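Engineer: I'd like to ask you about the structure that follows.
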Amino acid sequence: MRLDKYLKVSRLIKRRPVANEACDAGRVVVNGKVARASYDVKPGDVIEIAFGNKSVKVEVLSVVETYNKEEAKELFRYL
């Protein structure tokens, strides 16, 4: 699954265009490297997102095309 779509499905970022802009601006790092929106996310990847002056670091646990709001938290775990 594409990185921008994963960020939306997992609800780390609310909208896909916003996720796409964050990737283009270099604010999303996967496994220590700045990632593009087209990066293919796999279980075990570590994603770090910079939101202004704070950052969020998560590990991908599973990749699923669609998820409801309550179950979206099971797609990743905070580090």
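Labeling convention for the structure tokens: chains A, B, ... as they appear, residues from 1 per chain, ligands from 1 in order of appearance.
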Assign secondary structure with DSSP using the backbone only, and return the residues of chain A in alpha helix (DSSP H) as a PyMOL selection string.
Structural biologist: chain A and resi 3-9+16-24
Engineer: Write out as a PyMOL selection string which residues come within 10 Å of Leu79 of chain A when counting only C-alpha atoms, dropping same-chain ones fewer than 2 positions away.
Structural biologist: chain A and resi 46-48+56-59+76-77
Engineer: Got time to write the residues from that selection, all heavy atoms, as a PDB file, in the first residue's frame?
Structural biologist:
```
ATOM      1  N   VAL A  46       9.190   1.527  10.263  1.00  0.00           N
ATOM      2  CA  VAL A  46       9.059   2.545  11.310  1.00  0.00           C
ATOM      3  C   VAL A  46       8.852   3.885  10.609  1.00  0.00           C
ATOM      4  O   VAL A  46       9.683   4.321   9.821  1.00  0.00           O
ATOM      5  CB  VAL A  46      10.306   2.594  12.208  1.00  0.00           C
ATOM      6  CG1 VAL A  46      10.201   3.730  13.209  1.00  0.00           C
ATOM      7  CG2 VAL A  46      10.487   1.270  12.922  1.00  0.00           C
ATOM      8  N   ILE A  47       7.705   4.521  10.897  1.00  0.00           N
ATOM      9  CA  ILE A  47       7.343   5.787  10.265  1.00  0.00           C
ATOM     10  C   ILE A  47       7.430   6.890  11.311  1.00  0.00           C
ATOM     11  O   ILE A  47       6.914   6.751  12.409  1.00  0.00           O
ATOM     12  CB  ILE A  47       5.906   5.726   9.699  1.00  0.00           C
ATOM     13  CG1 ILE A  47       5.787   4.618   8.661  1.00  0.00           C
ATOM     14  CG2 ILE A  47       5.514   7.076   9.091  1.00  0.00           C
ATOM     15  CD1 ILE A  47       4.370   4.386   8.171  1.00  0.00           C
ATOM     16  N   GLU A  48       8.094   7.991  10.933  1.00  0.00           N
ATOM     17  CA  GLU A  48       8.182   9.156  11.810  1.00  0.00           C
ATOM     18  C   GLU A  48       7.619  10.358  11.053  1.00  0.00           C
ATOM     19  O   GLU A  48       8.035  10.642   9.938  1.00  0.00           O
ATOM     20  CB  GLU A  48       9.626   9.414  12.223  1.00  0.00           C
ATOM     21  CG  GLU A  48       9.743  10.443  13.308  1.00  0.00           C
ATOM     22  CD  GLU A  48      11.142  10.508  13.896  1.00  0.00           C
ATOM     23  OE1 GLU A  48      11.975   9.643  13.584  1.00  0.00           O
ATOM     24  OE2 GLU A  48      11.390  11.444  14.664  1.00  0.00           O
ATOM     25  N   VAL A  56       5.709  12.215  15.658  1.00  0.00           N
ATOM     26  CA  VAL A  56       5.066  10.959  16.028  1.00  0.00           C
ATOM     27  C   VAL A  56       5.850   9.836  15.377  1.00  0.00           C
ATOM     28  O   VAL A  56       6.166   9.902  14.186  1.00  0.00           O
ATOM     29  CB  VAL A  56       3.595  10.935  15.540  1.00  0.00           C
ATOM     30  CG1 VAL A  56       2.954   9.596  15.811  1.00  0.00           C
ATOM     31  CG2 VAL A  56       2.807  12.044  16.190  1.00  0.00           C
ATOM     32  N   LYS A  57       6.188   8.818  16.167  1.00  0.00           N
ATOM     33  CA  LYS A  57       6.949   7.684  15.649  1.00  0.00           C
ATOM     34  C   LYS A  57       6.134   6.420  15.892  1.00  0.00           C
ATOM     35  O   LYS A  57       5.736   6.140  17.031  1.00  0.00           O
ATOM     36  CB  LYS A  57       8.297   7.600  16.349  1.00  0.00           C
ATOM     37  CG  LYS A  57       9.277   6.670  15.707  1.00  0.00           C
ATOM     38  CD  LYS A  57      10.647   6.832  16.365  1.00  0.00           C
ATOM     39  CE  LYS A  57      11.697   6.035  15.646  1.00  0.00           C
ATOM     40  NZ  LYS A  57      13.016   6.211  16.255  1.00  0.00           N
ATOM     41  N   VAL A  58       5.858   5.657  14.820  1.00  0.00           N
ATOM     42  CA  VAL A  58       5.048   4.449  14.927  1.00  0.00           C
ATOM     43  C   VAL A  58       5.697   3.307  14.156  1.00  0.00           C
ATOM     44  O   VAL A  58       6.490   3.531  13.245  1.00  0.00           O
ATOM     45  CB  VAL A  58       3.610   4.660  14.396  1.00  0.00           C
ATOM     46  CG1 VAL A  58       2.871   5.705  15.184  1.00  0.00           C
ATOM     47  CG2 VAL A  58       3.604   4.995  12.922  1.00  0.00           C
ATOM     48  N   GLU A  59       5.340   2.084  14.554  1.00  0.00           N
ATOM     49  CA  GLU A  59       5.764   0.890  13.825  1.00  0.00           C
ATOM     50  C   GLU A  59       4.536   0.301  13.153  1.00  0.00           C
ATOM     51  O   GLU A  59       3.490   0.146  13.775  1.00  0.00           O
ATOM     52  CB  GLU A  59       6.365  -0.140  14.776  1.00  0.00           C
ATOM     53  CG  GLU A  59       6.800  -1.401  14.051  1.00  0.00           C
ATOM     54  CD  GLU A  59       7.316  -2.471  14.996  1.00  0.00           C
ATOM     55  OE1 GLU A  59       7.368  -2.231  16.214  1.00  0.00           O
ATOM     56  OE2 GLU A  59       7.656  -3.550  14.497  1.00  0.00           O
ATOM     57  N   PHE A  76      -1.001   0.017  13.765  1.00  0.00           N
ATOM     58  CA  PHE A  76       0.332   0.493  14.155  1.00  0.00           C
ATOM     59  C   PHE A  76       0.445   0.527  15.668  1.00  0.00           C
ATOM     60  O   PHE A  76      -0.539   0.395  16.375  1.00  0.00           O
ATOM     61  CB  PHE A  76       0.592   1.895  13.578  1.00  0.00           C
ATOM     62  CG  PHE A  76      -0.363   2.938  14.092  1.00  0.00           C
ATOM     63  CD1 PHE A  76      -0.078   3.668  15.230  1.00  0.00           C
ATOM     64  CD2 PHE A  76      -1.550   3.210  13.432  1.00  0.00           C
ATOM     65  CE1 PHE A  76      -0.937   4.622  15.709  1.00  0.00           C
ATOM     66  CE2 PHE A  76      -2.426   4.168  13.892  1.00  0.00           C
ATOM     67  CZ  PHE A  76      -2.118   4.879  15.042  1.00  0.00           C
ATOM     68  N   ARG A  77       1.696   0.698  16.149  1.00  0.00           N
ATOM     69  CA  ARG A  77       1.892   0.936  17.586  1.00  0.00           C
ATOM     70  C   ARG A  77       2.895   2.064  17.742  1.00  0.00           C
ATOM     71  O   ARG A  77       3.849   2.194  16.963  1.00  0.00           O
ATOM     72  CB  ARG A  77       2.331  -0.326  18.316  1.00  0.00           C
ATOM     73  CG  ARG A  77       3.770  -0.653  18.277  1.00  0.00           C
ATOM     74  CD  ARG A  77       4.079  -1.916  19.061  1.00  0.00           C
ATOM     75  NE  ARG A  77       5.322  -2.456  18.565  1.00  0.00           N
ATOM     76  CZ  ARG A  77       6.497  -2.222  19.123  1.00  0.00           C
ATOM     77  NH1 ARG A  77       6.591  -1.500  20.200  1.00  0.00           N
ATOM     78  NH2 ARG A  77       7.591  -2.713  18.586  1.00  0.00           N
TER      79      ARG A  77
END
```
Engineer: Using only C-alpha atoms, which protein or nucleic acid residues come within 12 Å of Val60 of chain A? Drop anything in the same chain fewer than 3 positions from it, and give the result as a list in words.
Structural biologist: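 Listed by chain and then number, they are Met1, Leu3, Tyr6, Leu7, Ser10, Leu12, Val30, Asn31, Asp40, Val41, Lys42, Pro43, Gly44, Asp45, Val46, Ile47, Glu48, Lys57, Val63, Val64, Ala72, Lys73, Glu74, Leu75, Phe76, Arg77, Tyr78 and Leu79 of chain A.
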Engineer: Check the DSSP output for the backbone and give back, as an NGL selection string, the residues of chain A in strand (DSSP E or B).
Structural biologist: :A and (2 or 28-30 or 33-34 or 40 or 46-51 or 54-60 or 76-78)
Engineer: Quick one: of A:Val29, A:Asp4, A:Val9, A:Asn53, who's nearest to Lys69 of chain A, counting only C-alpha atoms?
Structural biologist: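 Under the stated criterion, the closest residue is A:Val9.
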Engineer: Quick one: distance from atom CA of Asp24 of chain A to atom CA of Ala37 of chain A in Å, one decimal?
Structural biologist: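 About the pair atom CA of Asp24 of chain A and atom CA of Ala37 of chain A: they are 7.1 Å apart.
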